[in-house]
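*Asks:* I am sharing start-v5.cif, which consists of mmCIF, C-alpha atoms:
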```cif
data_input
loop_
_atom_site.label_atom_id
_atom_site.label_comp_id
_atom_site.auth_asym_id
_atom_site.auth_seq_id
_atom_site.Cartn_x
_atom_site.Cartn_y
_atom_site.Cartn_z
CA MET C 1 -94.09 -22.59 171.33
CA PRO C 2 -92.57 -24.51 168.44
CA VAL C 3 -94.84 -25.30 165.52
CA VAL C 4 -94.36 -28.98 164.68
CA LEU C 5 -96.91 -29.16 161.85
CA ASP C 6 -97.82 -26.25 159.60
CA ALA C 7 -100.81 -26.07 157.25
CA ASP C 8 -98.94 -27.77 154.39
CA ARG C 9 -97.75 -30.69 156.54
CA ILE C 10 -101.23 -31.14 158.04
CA GLY C 11 -102.69 -31.29 154.52
CA ARG C 12 -100.08 -33.80 153.36
CA SER C 13 -100.64 -35.94 156.47
CA LEU C 14 -104.39 -36.07 155.89
CA THR C 15 -103.91 -36.95 152.20
CA ARG C 16 -101.54 -39.77 153.18
CA ILE C 17 -104.03 -41.04 155.78
CA ALA C 18 -106.82 -40.95 153.15
CA HIS C 19 -104.71 -43.15 150.85
CA GLU C 20 -103.94 -45.54 153.74
CA ILE C 21 -107.64 -45.78 154.61
CA LEU C 22 -108.56 -46.63 151.01
CA GLU C 23 -105.79 -49.20 150.74
CA ARG C 24 -106.52 -50.94 154.04
CA ASN C 25 -110.29 -50.96 153.53
CA ARG C 26 -110.14 -51.73 149.78
CA GLY C 27 -112.41 -48.82 148.90
CA VAL C 28 -115.24 -47.06 150.67
CA ASP C 29 -118.01 -49.68 150.77
CA ASP C 30 -119.70 -49.52 154.19
CA LEU C 31 -117.17 -46.91 155.36
CA ALA C 32 -118.16 -43.87 157.46
CA LEU C 33 -116.24 -41.22 159.36
CA VAL C 34 -117.24 -39.96 162.82
CA GLY C 35 -115.31 -37.01 164.25
CA ILE C 36 -115.06 -36.44 167.99
CA ARG C 37 -116.05 -32.89 168.91
CA THR C 38 -114.44 -30.44 168.70
CA ARG C 39 -111.43 -30.73 166.40
CA GLY C 40 -112.03 -34.30 165.28
CA VAL C 41 -115.04 -33.11 163.29
CA PRO C 42 -113.24 -30.84 160.79
CA ILE C 43 -110.46 -33.43 160.48
CA ALA C 44 -113.08 -36.09 159.62
CA ARG C 45 -114.65 -33.76 157.06
CA ARG C 46 -111.27 -33.05 155.47
CA LEU C 47 -110.54 -36.79 155.30
CA ALA C 48 -113.94 -37.43 153.69
CA LYS C 49 -113.15 -34.78 151.06
CA ALA C 50 -109.68 -36.24 150.45
CA ILE C 51 -111.13 -39.74 150.07
CA GLU C 52 -113.74 -38.44 147.62
CA ASP C 53 -111.08 -36.54 145.67
CA ILE C 54 -109.00 -39.73 145.38
CA ASN C 55 -111.65 -42.28 144.45
CA GLY C 56 -114.72 -40.24 143.47
CA HIS C 57 -117.07 -41.66 146.11
CA ALA C 58 -118.53 -39.70 149.01
CA VAL C 59 -118.18 -41.10 152.53
CA PRO C 60 -120.84 -40.36 155.18
CA THR C 61 -119.46 -38.17 157.95
CA GLY C 62 -120.83 -37.49 161.41
CA ALA C 63 -119.98 -35.69 164.65
CA LEU C 64 -119.91 -37.25 168.12
CA ASP C 65 -120.17 -35.45 171.45
CA ILE C 66 -118.64 -37.45 174.31
CA THR C 67 -119.15 -35.03 177.20
CA LEU C 68 -121.45 -37.26 179.25
CA TYR C 69 -119.23 -40.32 178.69
CA ARG C 70 -116.04 -38.83 180.11
CA ASP C 71 -114.66 -40.45 183.26
CA ASP C 72 -113.44 -37.07 184.56
CA LEU C 73 -116.75 -35.25 184.20
CA MET C 74 -117.23 -34.58 187.91
CA ARG C 75 -113.52 -33.98 188.61
CA THR C 76 -113.18 -30.84 186.52
CA ALA C 77 -114.49 -27.36 187.06
CA VAL C 78 -116.68 -27.93 184.02
CA GLY C 79 -118.18 -30.99 185.76
CA ALA C 80 -120.89 -29.05 187.57
CA GLN C 81 -122.10 -27.45 184.34
CA PRO C 82 -120.90 -29.60 181.42
CA ILE C 83 -121.24 -28.09 177.97
CA ILE C 84 -123.20 -30.58 175.90
CA ARG C 85 -122.77 -30.26 172.15
CA LYS C 86 -124.77 -31.96 169.46
CA THR C 87 -124.07 -35.45 168.16
CA GLU C 88 -124.87 -35.58 164.45
CA ILE C 89 -124.81 -39.06 162.94
CA ALA C 90 -127.41 -39.05 160.15
CA PHE C 91 -126.72 -42.62 159.04
CA SER C 92 -126.92 -46.06 160.58
CA ILE C 93 -123.60 -47.31 161.95
CA ASP C 94 -124.83 -50.93 161.98
CA ASP C 95 -122.45 -53.19 160.03
CA LYS C 96 -120.38 -50.19 158.94
CA ARG C 97 -116.64 -49.78 159.16
CA ILE C 98 -116.42 -46.65 161.31
CA LEU C 99 -113.39 -44.42 161.25
CA LEU C 100 -113.37 -42.60 164.60
CA VAL C 101 -111.41 -39.36 164.18
CA ASP C 102 -109.73 -37.13 166.79
CA ASP C 103 -106.99 -34.53 166.81
CA VAL C 104 -104.66 -35.79 169.56
CA LEU C 105 -104.28 -39.23 171.13
CA TYR C 106 -102.84 -38.94 174.63
CA THR C 107 -104.01 -41.10 177.56
CA GLY C 108 -106.71 -42.90 175.57
CA ARG C 109 -109.52 -41.79 177.88
CA THR C 110 -111.22 -39.61 175.25
CA ILE C 111 -111.26 -42.54 172.84
CA ARG C 112 -112.69 -44.86 175.51
CA ALA C 113 -115.48 -42.36 176.09
CA ALA C 114 -116.05 -42.05 172.34
CA LEU C 115 -116.31 -45.82 171.94
CA ASP C 116 -118.92 -45.94 174.72
CA ALA C 117 -120.90 -43.11 173.10
CA LEU C 118 -120.65 -44.57 169.60
CA ILE C 119 -121.88 -48.01 170.61
CA GLU C 120 -125.15 -46.45 171.78
CA PHE C 121 -125.91 -45.70 168.11
CA GLY C 122 -125.64 -49.29 166.92
CA ARG C 123 -123.25 -52.12 166.25
CA PRO C 124 -120.55 -51.31 163.71
CA ARG C 125 -118.72 -54.15 161.98
CA MET C 126 -115.42 -52.52 162.91
CA ILE C 127 -114.07 -49.30 164.41
CA GLN C 128 -110.72 -47.90 163.32
CA LEU C 129 -109.04 -44.93 165.01
CA VAL C 130 -107.60 -41.97 163.11
CA VAL C 131 -105.62 -39.24 164.89
CA LEU C 132 -103.68 -36.28 163.58
CA VAL C 133 -101.14 -36.50 166.44
CA ASP C 134 -100.18 -39.37 168.74
CA ARG C 135 -98.22 -37.96 171.68
CA GLY C 136 -97.88 -41.15 173.74
CA HIS C 137 -98.43 -41.54 177.51
CA ARG C 138 -101.29 -44.03 177.20
CA GLU C 139 -103.23 -44.98 180.34
CA LEU C 140 -105.55 -47.37 178.51
CA PRO C 141 -104.72 -50.05 175.92
CA ILE C 142 -105.74 -47.96 172.90
CA LYS C 143 -103.72 -47.61 169.70
CA ALA C 144 -104.46 -45.58 166.57
CA ASP C 145 -104.80 -47.32 163.22
CA TYR C 146 -103.84 -44.16 161.30
CA VAL C 147 -101.56 -41.42 162.63
CA GLY C 148 -100.60 -38.14 160.98
CA LYS C 149 -97.58 -37.54 163.22
CA ASN C 150 -96.07 -39.38 166.19
CA LEU C 151 -94.93 -36.66 168.52
CA PRO C 152 -93.05 -37.79 171.64
CA THR C 153 -93.73 -35.33 174.44
CA SER C 154 -93.26 -35.07 178.17
CA ARG C 155 -96.32 -35.10 180.43
CA ALA C 156 -95.53 -31.48 181.31
CA GLN C 157 -95.95 -30.41 177.69
CA SER C 158 -99.22 -29.73 175.89
CA VAL C 159 -100.00 -30.34 172.22
CA GLN C 160 -102.27 -27.68 170.74
CA VAL C 161 -103.99 -28.31 167.41
CA HIS C 162 -105.33 -25.26 165.60
CA LEU C 163 -107.63 -25.72 162.60
CA THR C 164 -108.85 -23.07 160.21
CA GLU C 165 -112.51 -24.05 160.69
CA ILE C 166 -112.31 -23.31 164.43
CA ASP C 167 -109.17 -21.25 165.10
CA GLY C 168 -108.56 -19.43 161.81
CA ARG C 169 -105.23 -21.19 161.14
CA ASP C 170 -103.82 -24.67 160.62
CA GLU C 171 -100.93 -25.65 162.86
CA VAL C 172 -99.87 -28.00 165.63
CA GLU C 173 -97.64 -26.66 168.36
CA ILE C 174 -96.09 -27.89 171.58
CA GLN C 175 -96.49 -25.75 174.69
CA GLU C 176 -94.28 -26.11 177.75
#
```
Rewrite the coordinates I just gave you, this time as structure tokens.

*Replies:*
Amino acid sequence: MPVVLDADRIGRSLTRIAHEILERNRGVDDLALVGIRTRGVPIARRLAKAIEDINGHAVPTGALDITLYRDDLMRTAVGAQPIIRKTEIAFSIDDKRILLVDDVLYTGRTIRAALDALIEFGRPRMIQLVVLVDRGHRELPIKADYVGKNLPTSRAQSVQVHLTEIDGRDEVEIQE
């Protein structure tokens, strides 16, 4: 299982993305980050810290559970007993520029579900997508605005993201 991003490269990628976010949005006014559970949440928190370190302003950060919005909910073994986690968005998303954050962009179906879930909380002015890894193979017309690493893969491969907050280590690896 080759490691394609180690802890240092993940950190540098997130710092670069934080700079890109600030440049494209001209600061942090009306900006908020929402991480998709599970690994999108710590990535969103790291980005919020990086943004604050760069410009000195805190950015509201939330967590979004998309379990009930998935289009494969009843197709999987988990479907009969889905594990529902908590959505934590302690701020209004109305008229905000929301940065939706996930670890891997693959078919686009997770992002579609996240968009459906997020819209139930209000009407943001804009939603931008941030992913650590874009591995291609889209099934829906979804494209990330900010990407840590484009990683061409075959459909037979799997991209595994490990984060210290959840897995005890930072790395991205490809599994055959």

*Asks:* Do a neighbour search on Ala90 (chain C) at 10 Å with only C-alpha atoms, toss out local chain neighbours closer than 2 positions, and write the hits as a PyMOL selection string.

*Replies:* chain C and resi 60-63+87-88+92-93

*Asks:* With a distance cut-off of 9 Å and all atoms listed in the file, select the neighbouring residues of Asn150 (chain C), excluding the residue or stretch itself and same-chain residues fewer than 5 positions from it, and output the selection as number ranges by chain.

*Replies:* C: 132-136

*Asks:* Between CA of Leu100 (chain C) and CA of Val34 (chain C), what is the distance, to one decimal in Å?

*Replies:*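 Answer for the CA of Leu100 (chain C) to CA of Val34 (chain C) separation: 5.0 Å.
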
*Asks:* Could you tell me which residues the PyMOL selection byres ((chain C and resi 141) around 10) returns for this structure, as a compact mmCIF listing (two decimals) with C-alpha atoms, keeping the file's coordinate frame?

*Replies:*
```
# COMPACT_ATOMS: atom_id res chain seq x y z
CA THR C 107 -104.01 -41.10 177.56
CA GLY C 108 -106.71 -42.90 175.57
CA ARG C 109 -109.52 -41.79 177.88
CA ARG C 112 -112.69 -44.86 175.51
CA ARG C 138 -101.29 -44.03 177.20
CA GLU C 139 -103.23 -44.98 180.34
CA LEU C 140 -105.55 -47.37 178.51
CA ILE C 142 -105.74 -47.96 172.90
CA LYS C 143 -103.72 -47.61 169.70
```

*Asks:* Quick one: apply the PyMOL selection byres ((chain C and resi 47) around 9) to the file and drop the selected residues here as an mmCIF file with C-alpha atoms, in the coordinates of the input.

*Replies:*
```cif
data_model
loop_
_atom_site.group_PDB
_atom_site.id
_atom_site.type_symbol
_atom_site.label_atom_id
_atom_site.label_comp_id
_atom_site.auth_asym_id
_atom_site.auth_seq_id
_atom_site.Cartn_x
_atom_site.Cartn_y
_atom_site.Cartn_z
ATOM 1 C CA LEU C 14 -104.390 -36.070 155.890
ATOM 2 C CA THR C 15 -103.910 -36.950 152.200
ATOM 3 C CA ILE C 17 -104.030 -41.040 155.780
ATOM 4 C CA ALA C 18 -106.820 -40.950 153.150
ATOM 5 C CA LEU C 33 -116.240 -41.220 159.360
ATOM 6 C CA PRO C 42 -113.240 -30.840 160.790
ATOM 7 C CA ILE C 43 -110.460 -33.430 160.480
ATOM 8 C CA ALA C 44 -113.080 -36.090 159.620
ATOM 9 C CA ARG C 45 -114.650 -33.760 157.060
ATOM 10 C CA ARG C 46 -111.270 -33.050 155.470
ATOM 11 C CA ALA C 48 -113.940 -37.430 153.690
ATOM 12 C CA LYS C 49 -113.150 -34.780 151.060
ATOM 13 C CA ALA C 50 -109.680 -36.240 150.450
ATOM 14 C CA ILE C 51 -111.130 -39.740 150.070
ATOM 15 C CA GLU C 52 -113.740 -38.440 147.620
#
```

*Asks:* Extract region 1-83 of chain C from the preceding block and save C-alpha atoms as a CSV table (one decimal), in the first residue's frame.

*Replies:*
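Result written to out-v4.csv:
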```
chain,number,residue,atom,x,y,z
C,1,MET,CA,0.0,0.0,0.0
C,2,PRO,CA,2.0,3.0,-1.2
C,3,VAL,CA,1.7,6.2,0.9
C,4,VAL,CA,1.0,9.0,-1.5
C,5,LEU,CA,0.8,11.8,1.1
C,6,ASP,CA,2.6,11.8,4.4
C,7,ALA,CA,1.9,14.0,7.4
C,8,ASP,CA,4.2,16.8,6.1
C,9,ARG,CA,2.6,16.9,2.6
C,10,ILE,CA,-0.9,16.8,4.1
C,11,GLY,CA,0.0,19.8,6.2
C,12,ARG,CA,1.5,21.7,3.3
C,13,SER,CA,-1.5,20.9,1.1
C,14,LEU,CA,-3.9,22.3,3.8
C,15,THR,CA,-1.8,25.4,4.2
C,16,ARG,CA,-1.8,26.0,0.4
C,17,ILE,CA,-5.6,25.5,0.3
C,18,ALA,CA,-6.1,28.0,3.2
C,19,HIS,CA,-4.1,30.6,1.2
C,20,GLU,CA,-6.2,29.8,-1.9
C,21,ILE,CA,-9.4,30.2,0.1
C,22,LEU,CA,-8.4,33.6,1.5
C,23,GLU,CA,-7.3,34.8,-2.0
C,24,ARG,CA,-10.4,33.7,-3.8
C,25,ASN,CA,-12.8,34.9,-1.1
C,26,ARG,CA,-10.8,38.1,-0.4
C,27,GLY,CA,-10.8,37.4,3.4
C,28,VAL,CA,-13.1,35.6,5.7
C,29,ASP,CA,-16.2,37.9,5.8
C,30,ASP,CA,-19.3,35.6,5.8
C,31,LEU,CA,-17.1,32.5,5.4
C,32,ALA,CA,-17.8,29.3,7.3
C,33,LEU,CA,-16.4,25.7,7.0
C,34,VAL,CA,-18.6,22.6,7.2
C,35,GLY,CA,-16.9,19.2,7.3
C,36,ILE,CA,-18.6,16.1,6.2
C,37,ARG,CA,-18.4,13.3,8.8
C,38,THR,CA,-16.1,11.5,9.4
C,39,ARG,CA,-12.8,12.7,8.1
C,40,GLY,CA,-14.0,16.0,6.5
C,41,VAL,CA,-14.6,17.4,10.1
C,42,PRO,CA,-10.9,17.3,11.2
C,43,ILE,CA,-9.8,18.6,7.8
C,44,ALA,CA,-12.3,21.5,8.2
C,45,ARG,CA,-11.0,22.3,11.7
C,46,ARG,CA,-7.4,22.2,10.4
C,47,LEU,CA,-8.2,24.6,7.6
C,48,ALA,CA,-10.0,26.9,10.0
C,49,LYS,CA,-6.9,27.0,12.2
C,50,ALA,CA,-4.6,27.6,9.2
C,51,ILE,CA,-6.9,30.4,8.0
C,52,GLU,CA,-6.8,32.0,11.5
C,53,ASP,CA,-3.0,31.6,11.6
C,54,ILE,CA,-2.6,33.4,8.3
C,55,ASN,CA,-5.0,36.3,8.7
C,56,GLY,CA,-5.8,36.4,12.5
C,57,HIS,CA,-9.6,35.9,12.1
C,58,ALA,CA,-11.5,32.8,13.3
C,59,VAL,CA,-13.8,31.1,10.9
C,60,PRO,CA,-17.0,29.3,12.2
C,61,THR,CA,-16.7,25.5,11.7
C,62,GLY,CA,-19.4,22.9,11.7
C,63,ALA,CA,-19.9,19.1,11.2
C,64,LEU,CA,-22.5,17.6,8.8
C,65,ASP,CA,-23.8,14.0,9.0
C,66,ILE,CA,-25.2,12.9,5.6
C,67,THR,CA,-26.2,9.3,6.4
C,68,LEU,CA,-30.0,9.8,5.8
C,69,TYR,CA,-29.3,11.7,2.5
C,70,ARG,CA,-27.2,8.9,0.8
C,71,ASP,CA,-28.7,7.4,-2.3
C,72,ASP,CA,-27.2,4.0,-1.4
C,73,LEU,CA,-28.6,3.8,2.1
C,74,MET,CA,-30.8,0.8,1.5
C,75,ARG,CA,-28.4,-1.0,-0.8
C,76,THR,CA,-25.7,-1.5,1.8
C,77,ALA,CA,-25.5,-3.9,4.7
C,78,VAL,CA,-25.5,-0.8,6.9
C,79,GLY,CA,-28.8,0.3,5.3
C,80,ALA,CA,-31.0,-1.7,7.7
C,81,GLN,CA,-29.4,-0.1,10.7
C,82,PRO,CA,-27.7,3.2,9.6
C,83,ILE,CA,-25.4,4.8,12.1
```
